[in-house]
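K.L.:
PDB, N, CA, C and O atoms, file query_38.pdb:
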ATOM      1  N   GLN A   1       0.837  -1.169   0.000
ATOM      2  CA  GLN A   1       0.000   0.000   0.000
ATOM      3  C   GLN A   1       0.884   1.235   0.000
ATOM      4  O   GLN A   1       1.954   1.252   0.598
ATOM      5  N   TYR A   2       0.383   2.274  -0.657
ATOM      6  CA  TYR A   2       1.181   3.482  -0.810
ATOM      7  C   TYR A   2       0.242   4.669  -0.928
ATOM      8  O   TYR A   2      -0.832   4.571  -1.529
ATOM      9  N   MET A   3       0.628   5.802  -0.352
ATOM     10  CA  MET A   3      -0.205   6.996  -0.457
ATOM     11  C   MET A   3       0.679   8.225  -0.598
ATOM     12  O   MET A   3       1.711   8.340   0.068
ATOM     13  N   VAL A   4       0.259   9.142  -1.470
ATOM     14  CA  VAL A   4       0.930  10.427  -1.658
ATOM     15  C   VAL A   4      -0.110  11.513  -1.425
ATOM     16  O   VAL A   4      -1.219  11.445  -1.964
ATOM     17  N   VAL A   5       0.229  12.501  -0.626
ATOM     18  CA  VAL A   5      -0.681  13.603  -0.319
ATOM     19  C   VAL A   5      -0.011  14.907  -0.738
ATOM     20  O   VAL A   5       1.173  15.104  -0.479
ATOM     21  N   SER A   6      -0.778  15.776  -1.389
ATOM     22  CA  SER A   6      -0.218  17.055  -1.814
ATOM     23  C   SER A   6      -0.080  17.994  -0.609
ATOM     24  O   SER A   6      -0.845  17.929   0.343
ATOM     25  N   SER A   7       0.890  18.875  -0.706
ATOM     26  CA  SER A   7       1.099  19.878   0.344
ATOM     27  C   SER A   7       0.538  21.217  -0.125
ATOM     28  O   SER A   7       0.208  21.400  -1.306
ATOM     29  N   GLY A   8       0.466  22.167   0.780
ATOM     30  CA  GLY A   8       0.059  23.514   0.404
ATOM     31  C   GLY A   8       1.007  24.120  -0.609
ATOM     32  O   GLY A   8       0.591  24.826  -1.535
ATOM     33  N   GLN A   9       2.284  23.820  -0.456
ATOM     34  CA  GLN A   9       3.280  24.324  -1.401
ATOM     35  C   GLN A   9       3.063  23.722  -2.789
ATOM     36  O   GLN A   9       3.227  24.411  -3.793
ATOM     37  N   ASP A  10       2.690  22.451  -2.848
ATOM     38  CA  ASP A  10       2.386  21.816  -4.137
ATOM     39  C   ASP A  10       1.245  22.551  -4.839
ATOM     40  O   ASP A  10       1.314  22.832  -6.036
ATOM     41  N   TRP A  11       0.186  22.850  -4.086
ATOM     42  CA  TRP A  11      -0.965  23.544  -4.676
ATOM     43  C   TRP A  11      -0.602  24.961  -5.083
ATOM     44  O   TRP A  11      -1.019  25.439  -6.141
ATOM     45  N   ASP A  12       0.157  25.661  -4.258
ATOM     46  CA  ASP A  12       0.579  27.015  -4.628
ATOM     47  C   ASP A  12       1.348  26.999  -5.942
ATOM     48  O   ASP A  12       1.107  27.821  -6.828
ATOM     49  N   ARG A  13       2.274  26.075  -6.067
ATOM     50  CA  ARG A  13       3.062  25.966  -7.293
ATOM     51  C   ARG A  13       2.153  25.700  -8.495
ATOM     52  O   ARG A  13       2.265  26.356  -9.531
ATOM     53  N   TYR A  14       1.228  24.764  -8.349
ATOM     54  CA  TYR A  14       0.301  24.417  -9.423
ATOM     55  C   TYR A  14      -0.538  25.622  -9.839
ATOM     56  O   TYR A  14      -0.654  25.952 -11.020
ATOM     57  N   GLU A  15      -1.121  26.299  -8.861
ATOM     58  CA  GLU A  15      -1.986  27.445  -9.158
ATOM     59  C   GLU A  15      -1.202  28.605  -9.769
ATOM     60  O   GLU A  15      -1.665  29.245 -10.720
ATOM     61  N   MET A  16      -0.041  28.905  -9.239
ATOM     62  CA  MET A  16       0.729  30.035  -9.740
ATOM     63  C   MET A  16       1.319  29.754 -11.122
ATOM     64  O   MET A  16       1.466  30.657 -11.941
ATOM     65  N   LEU A  17       1.618  28.497 -11.407
ATOM     66  CA  LEU A  17       2.081  28.162 -12.758
ATOM     67  C   LEU A  17       0.965  28.370 -13.785
ATOM     68  O   LEU A  17       1.238  28.765 -14.922
ATOM     69  N   GLN A  18      -0.282  28.147 -13.389
ATOM     70  CA  GLN A  18      -1.395  28.446 -14.293
ATOM     71  C   GLN A  18      -1.449  29.944 -14.574
ATOM     72  O   GLN A  18      -1.604  30.357 -15.728
ATOM     73  N   SER A  19      -1.326  30.749 -13.549
ATOM     74  CA  SER A  19      -1.337  32.200 -13.728
ATOM     75  C   SER A  19      -0.193  32.643 -14.626
ATOM     76  O   SER A  19      -0.374  33.466 -15.524
ATOM     77  N   LEU A  20       0.971  32.115 -14.374
ATOM     78  CA  LEU A  20       2.141  32.464 -15.178
ATOM     79  C   LEU A  20       1.945  32.056 -16.633
ATOM     80  O   LEU A  20       2.295  32.806 -17.550
ATOM     81  N   SER A  21       1.374  30.900 -16.852
ATOM     82  CA  SER A  21       1.130  30.427 -18.210
ATOM     83  C   SER A  21       0.202  31.364 -18.969
ATOM     84  O   SER A  21       0.461  31.719 -20.128
ATOM     85  N   VAL A  22      -0.874  31.783 -18.327
ATOM     86  CA  VAL A  22      -1.814  32.703 -18.982
ATOM     87  C   VAL A  22      -1.140  34.050 -19.232
ATOM     88  O   VAL A  22      -1.301  34.644 -20.303
ATOM     89  N   ALA A  23      -0.370  34.538 -18.273
ATOM     90  CA  ALA A  23       0.328  35.812 -18.447
ATOM     91  C   ALA A  23       1.315  35.750 -19.610
ATOM     92  O   ALA A  23       1.396  36.689 -20.421
ATOM     93  N   ARG A  24       2.038  34.659 -19.715
ATOM     94  CA  ARG A  24       2.986  34.510 -20.829
ATOM     95  C   ARG A  24       2.257  34.422 -22.163
ATOM     96  O   ARG A  24       2.711  34.988 -23.164
ATOM     97  N   TRP A  25       1.140  33.698 -22.179
ATOM     98  CA  TRP A  25       0.349  33.605 -23.400
ATOM     99  C   TRP A  25      -0.146  34.996 -23.811
ATOM    100  O   TRP A  25      -0.056  35.381 -24.972
ATOM    101  N   ALA A  26      -0.659  35.758 -22.845
ATOM    102  CA  ALA A  26      -1.176  37.099 -23.130
ATOM    103  C   ALA A  26      -0.078  38.019 -23.647
ATOM    104  O   ALA A  26      -0.302  38.819 -24.558
ATOM    105  N   GLU A  27       1.101  37.881 -23.076
ATOM    106  CA  GLU A  27       2.237  38.695 -23.528
ATOM    107  C   GLU A  27       2.630  38.348 -24.963
ATOM    108  O   GLU A  27       2.968  39.228 -25.754
ATOM    109  N   ALA A  28       2.549  37.074 -25.290
ATOM    110  CA  ALA A  28       2.921  36.618 -26.635
ATOM    111  C   ALA A  28       1.838  36.903 -27.675
ATOM    112  O   ALA A  28       2.106  36.848 -28.872
ATOM    113  N   HIS A  29       0.603  37.182 -27.212
ATOM    114  CA  HIS A  29      -0.523  37.399 -28.127
ATOM    115  C   HIS A  29      -1.265  38.683 -27.766
ATOM    116  O   HIS A  29      -2.444  38.649 -27.399
ATOM    117  N   PRO A  30      -0.592  39.834 -27.872
ATOM    118  CA  PRO A  30      -1.199  41.090 -27.421
ATOM    119  C   PRO A  30      -2.457  41.488 -28.198
ATOM    120  O   PRO A  30      -3.278  42.237 -27.671
ATOM    121  N   ASP A  31      -2.625  40.988 -29.401
ATOM    122  CA  ASP A  31      -3.779  41.375 -30.213
ATOM    123  C   ASP A  31      -4.857  40.302 -30.282
ATOM    124  O   ASP A  31      -5.827  40.447 -31.025
ATOM    125  N   HIS A  32      -4.711  39.233 -29.521
ATOM    126  CA  HIS A  32      -5.703  38.155 -29.565
ATOM    127  C   HIS A  32      -7.031  38.668 -29.018
ATOM    128  O   HIS A  32      -7.066  39.334 -27.972
ATOM    129  N   PRO A  33      -8.145  38.369 -29.700
ATOM    130  CA  PRO A  33      -9.439  38.900 -29.252
ATOM    131  C   PRO A  33      -9.898  38.388 -27.875
ATOM    132  O   PRO A  33     -10.709  39.049 -27.227
ATOM    133  N   ASP A  34      -9.380  37.275 -27.413
ATOM    134  CA  ASP A  34      -9.773  36.728 -26.114
ATOM    135  C   ASP A  34      -8.787  37.053 -24.999
ATOM    136  O   ASP A  34      -8.940  36.579 -23.869
ATOM    137  N   ARG A  35      -7.792  37.847 -25.305
ATOM    138  CA  ARG A  35      -6.723  38.126 -24.350
ATOM    139  C   ARG A  35      -7.251  38.704 -23.035
ATOM    140  O   ARG A  35      -6.958  38.184 -21.957
ATOM    141  N   GLU A  36      -7.987  39.781 -23.098
ATOM    142  CA  GLU A  36      -8.454  40.443 -21.877
ATOM    143  C   GLU A  36      -9.389  39.548 -21.071
ATOM    144  O   GLU A  36      -9.312  39.516 -19.835
ATOM    145  N   GLU A  37     -10.254  38.816 -21.753
ATOM    146  CA  GLU A  37     -11.155  37.905 -21.048
ATOM    147  C   GLU A  37     -10.378  36.809 -20.329
ATOM    148  O   GLU A  37     -10.657  36.486 -19.170
ATOM    149  N   ASN A  38      -9.372  36.246 -21.005
ATOM    150  CA  ASN A  38      -8.562  35.200 -20.373
ATOM    151  C   ASN A  38      -7.790  35.733 -19.173
ATOM    152  O   ASN A  38      -7.686  35.059 -18.139
ATOM    153  N   LEU A  39      -7.260  36.938 -19.290
ATOM    154  CA  LEU A  39      -6.553  37.543 -18.157
ATOM    155  C   LEU A  39      -7.503  37.788 -16.988
ATOM    156  O   LEU A  39      -7.147  37.548 -15.828
ATOM    157  N   ALA A  40      -8.712  38.243 -17.276
ATOM    158  CA  ALA A  40      -9.694  38.493 -16.215
ATOM    159  C   ALA A  40     -10.117  37.193 -15.536
ATOM    160  O   ALA A  40     -10.238  37.135 -14.304
ATOM    161  N   ILE A  41     -10.348  36.161 -16.313
ATOM    162  CA  ILE A  41     -10.731  34.859 -15.751
ATOM    163  C   ILE A  41      -9.623  34.327 -14.856
ATOM    164  O   ILE A  41      -9.872  33.852 -13.741
ATOM    165  N   GLN A  42      -8.383  34.421 -15.318
ATOM    166  CA  GLN A  42      -7.265  33.921 -14.520
ATOM    167  C   GLN A  42      -7.075  34.750 -13.263
ATOM    168  O   GLN A  42      -6.786  34.207 -12.187
ATOM    169  N   ALA A  43      -7.253  36.054 -13.360
ATOM    170  CA  ALA A  43      -7.111  36.909 -12.178
ATOM    171  C   ALA A  43      -8.162  36.547 -11.128
ATOM    172  O   ALA A  43      -7.861  36.476  -9.930
ATOM    173  N   GLN A  44      -9.379  36.299 -11.567
ATOM    174  CA  GLN A  44     -10.438  35.894 -10.636
ATOM    175  C   GLN A  44     -10.125  34.535 -10.017
ATOM    176  O   GLN A  44     -10.309  34.326  -8.818
ATOM    177  N   ALA A  45      -9.641  33.607 -10.835
ATOM    178  CA  ALA A  45      -9.293  32.277 -10.327
ATOM    179  C   ALA A  45      -8.175  32.378  -9.283
ATOM    180  O   ALA A  45      -8.214  31.707  -8.254
ATOM    181  N   ARG A  46      -7.198  33.233  -9.525
ATOM    182  CA  ARG A  46      -6.096  33.410  -8.567
ATOM    183  C   ARG A  46      -6.615  33.997  -7.258
ATOM    184  O   ARG A  46      -6.268  33.538  -6.178
ATOM    185  N   ARG A  47      -7.477  35.032  -7.353
ATOM    186  CA  ARG A  47      -8.047  35.628  -6.135
ATOM    187  C   ARG A  47      -8.852  34.601  -5.350
ATOM    188  O   ARG A  47      -8.759  34.530  -4.116
ATOM    189  N   THR A  48      -9.656  33.818  -6.062
ATOM    190  CA  THR A  48     -10.478  32.798  -5.408
ATOM    191  C   THR A  48      -9.604  31.764  -4.704
ATOM    192  O   THR A  48      -9.862  31.388  -3.559
ATOM    193  N   TYR A  49      -8.567  31.312  -5.383
ATOM    194  CA  TYR A  49      -7.662  30.339  -4.763
ATOM    195  C   TYR A  49      -7.019  30.926  -3.504
ATOM    196  O   TYR A  49      -6.978  30.279  -2.459
ATOM    197  N   LEU A  50      -6.508  32.141  -3.602
ATOM    198  CA  LEU A  50      -5.823  32.737  -2.465
ATOM    199  C   LEU A  50      -6.772  33.006  -1.305
ATOM    200  O   LEU A  50      -6.384  32.875  -0.139
ATOM    201  N   ARG A  51      -8.015  33.337  -1.603
ATOM    202  CA  ARG A  51      -8.976  33.640  -0.538
ATOM    203  C   ARG A  51      -9.549  32.388   0.105
ATOM    204  O   ARG A  51      -9.687  32.316   1.330
ATOM    205  N   TRP A  52      -9.931  31.390  -0.706
ATOM    206  CA  TRP A  52     -10.604  30.201  -0.170
ATOM    207  C   TRP A  52      -9.880  28.889  -0.473
ATOM    208  O   TRP A  52      -9.882  27.985   0.338
ATOM    209  N   GLY A  53      -9.307  28.792  -1.638
ATOM    210  CA  GLY A  53      -8.750  27.519  -2.076
ATOM    211  C   GLY A  53      -7.621  26.988  -1.229
ATOM    212  O   GLY A  53      -7.556  25.794  -0.944
ATOM    213  N   ARG A  54      -6.751  27.871  -0.816
ATOM    214  CA  ARG A  54      -5.599  27.418  -0.032
ATOM    215  C   ARG A  54      -6.022  26.685   1.225
ATOM    216  O   ARG A  54      -5.336  25.771   1.682
ATOM    217  N   ALA A  55      -7.134  27.078   1.796
ATOM    218  CA  ALA A  55      -7.595  26.455   3.044
ATOM    219  C   ALA A  55      -8.432  25.205   2.799
ATOM    220  O   ALA A  55      -8.705  24.465   3.739
ATOM    221  N   THR A  56      -8.830  24.966   1.553
ATOM    222  CA  THR A  56      -9.789  23.887   1.324
ATOM    223  C   THR A  56      -9.352  22.820   0.338
ATOM    224  O   THR A  56      -9.874  21.706   0.391
ATOM    225  N   VAL A  57      -8.449  23.121  -0.587
ATOM    226  CA  VAL A  57      -8.108  22.128  -1.604
ATOM    227  C   VAL A  57      -7.103  21.122  -1.080
ATOM    228  O   VAL A  57      -6.333  21.390  -0.159
ATOM    229  N   GLY A  58      -7.134  19.957  -1.671
ATOM    230  CA  GLY A  58      -6.201  18.909  -1.311
ATOM    231  C   GLY A  58      -6.319  17.772  -2.305
ATOM    232  O   GLY A  58      -7.268  17.698  -3.083
ATOM    233  N   PHE A  59      -5.346  16.920  -2.288
ATOM    234  CA  PHE A  59      -5.352  15.790  -3.189
ATOM    235  C   PHE A  59      -4.535  14.673  -2.565
ATOM    236  O   PHE A  59      -3.481  14.916  -1.989
ATOM    237  N   ALA A  60      -5.053  13.484  -2.669
ATOM    238  CA  ALA A  60      -4.304  12.315  -2.211
ATOM    239  C   ALA A  60      -4.492  11.211  -3.230
ATOM    240  O   ALA A  60      -5.551  11.084  -3.845
ATOM    241  N   GLN A  61      -3.457  10.451  -3.417
ATOM    242  CA  GLN A  61      -3.514   9.304  -4.325
ATOM    243  C   GLN A  61      -3.103   8.074  -3.523
ATOM    244  O   GLN A  61      -2.062   8.069  -2.876
ATOM    245  N   MET A  62      -3.953   7.077  -3.586
ATOM    246  CA  MET A  62      -3.671   5.847  -2.851
ATOM    247  C   MET A  62      -3.570   4.685  -3.834
ATOM    248  O   MET A  62      -4.353   4.594  -4.775
ATOM    249  N   VAL A  63      -2.604   3.876  -3.608
ATOM    250  CA  VAL A  63      -2.444   2.649  -4.395
ATOM    251  C   VAL A  63      -2.619   1.483  -3.430
ATOM    252  O   VAL A  63      -1.862   1.360  -2.455
ATOM    253  N   LEU A  64      -3.616   0.690  -3.668
ATOM    254  CA  LEU A  64      -3.931  -0.428  -2.783
ATOM    255  C   LEU A  64      -3.856  -1.741  -3.565
ATOM    256  O   LEU A  64      -4.062  -1.752  -4.774
ATOM    257  N   ARG A  65      -3.603  -2.785  -2.879
ATOM    258  CA  ARG A  65      -3.659  -4.097  -3.540
ATOM    259  C   ARG A  65      -4.530  -5.019  -2.711
ATOM    260  O   ARG A  65      -4.582  -4.922  -1.496
ATOM    261  N   ARG A  66      -5.199  -5.843  -3.418
ATOM    262  CA  ARG A  66      -6.102  -6.763  -2.756
ATOM    263  C   ARG A  66      -5.316  -7.920  -2.147
ATOM    264  O   ARG A  66      -4.401  -8.466  -2.746
ATOM    265  N   ILE A  67      -5.666  -8.233  -0.927
ATOM    266  CA  ILE A  67      -5.009  -9.344  -0.244
ATOM    267  C   ILE A  67      -6.044 -10.464  -0.101
ATOM    268  O   ILE A  67      -7.072 -10.293   0.530
ATOM    269  N   ASP A  68      -5.757 -11.574  -0.725
ATOM    270  CA  ASP A  68      -6.669 -12.724  -0.649
ATOM    271  C   ASP A  68      -6.262 -13.680   0.437
ATOM    272  O   ASP A  68      -5.192 -13.865   0.816
TER     273      ASP A  68
END
Let me see the structure of the file written as structure tokens.
P.N.:
Amino acid sequence: QYMVVSSGQDWDRYEMLQSLSVARWAEAHPDHPDREENLAIQAQARRTYLRWGRATVGFAQMVLRRID
């Protein structure tokens, strides 16, 4: 049996890499028609994560084997 549990630092890294990815995309595509909407959506997602997500999100993966 084996289990891996994510840490708060793992989630912070995951969430902030999403923000960075959108920011880099927006920088590379200044004239894209969806640029401002994507930046606004990501900004809201970041605020939501920082306000509520950090205290509530988590992830665990368990690997079990059947014992006969």
K.L.:
Tell me which protein, DNA and RNA residues are within 4.5 Å of Tyr2 in chain A, counting only N, CA, C and O atoms, leaving out same-chain ones fewer than 3 positions away, and put them as a list in words.
P.N.:
Gln61, Met62 and Val63 of chain A
K.L.:
Report, in Å to a single decimal, how far apart CA of Phe59 in chain A and atom O of Trp11 in chain A are.
P.N.:
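These atoms are spaced 11.0 Å apart.
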K.L.:
Would you mind reading off the distance between CA of Glu15 in chain A and CA of Ala45 in chain A, one decimal, in Å?
P.N.:
8.8 Å
K.L.:
Decode the PyMOL selection byres ((chain A and resi 52-58) around 8) for the given file into explicit residues and return them as a list in words.
P.N.:
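Evaluating the PyMOL selection byres ((chain A and resi 52-58) around 8) on these coordinates yields Val5, Ser6, Ser7, Gly8, Trp11, Asp12, Ala45, Arg46, Arg47, Thr48, Tyr49, Leu50, Arg51, Phe59, Ala60 and Gln61 of chain A.
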K.L.:
Which of these, A:Ala28, A:Met16, A:Ile67, A:Val4, has the shortest distance to Ala43 in chain A once you count only C-alpha atoms?
P.N.:
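Nearest to Ala43 in chain A: A:Met16.
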K.L.:
In Å, with one decimal, what is the gap from CA of Ser19 in chain A to CA of Asn38 in chain A?
P.N.:
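We find that CA of Ser19 in chain A and CA of Asn38 in chain A lie 10.3 Å from each other.
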K.L.:
Identify which of the residues A:Met3, A:Tyr14, A:Gln42, A:Asp68 lies closest to Ala26 in chain A, counting only C-alpha atoms when measuring atom-to-atom distances.
P.N.:
A:Gln42
K.L.:
Go through chain A and collect every residue that DSSP, computed from the backbone, puts in strand (DSSP E or B); the answer should be as JSON, numbers by chain.
P.N.:
{"A": [2, 3, 4, 5, 60, 61, 62, 63]}
K.L.:
Centre and edge lengths, as AutoDock Vina command-line options, for the axis-aligned box enclosing every listed atom of range 23-41 of chain A with 6 Å of padding on each of the six sides, in Å to one decimal?
P.N.:
--center_x -4.1 --center_y 37.9 --center_z -22.4 --size_x 26.1 --size_y 20.6 --size_z 29.3
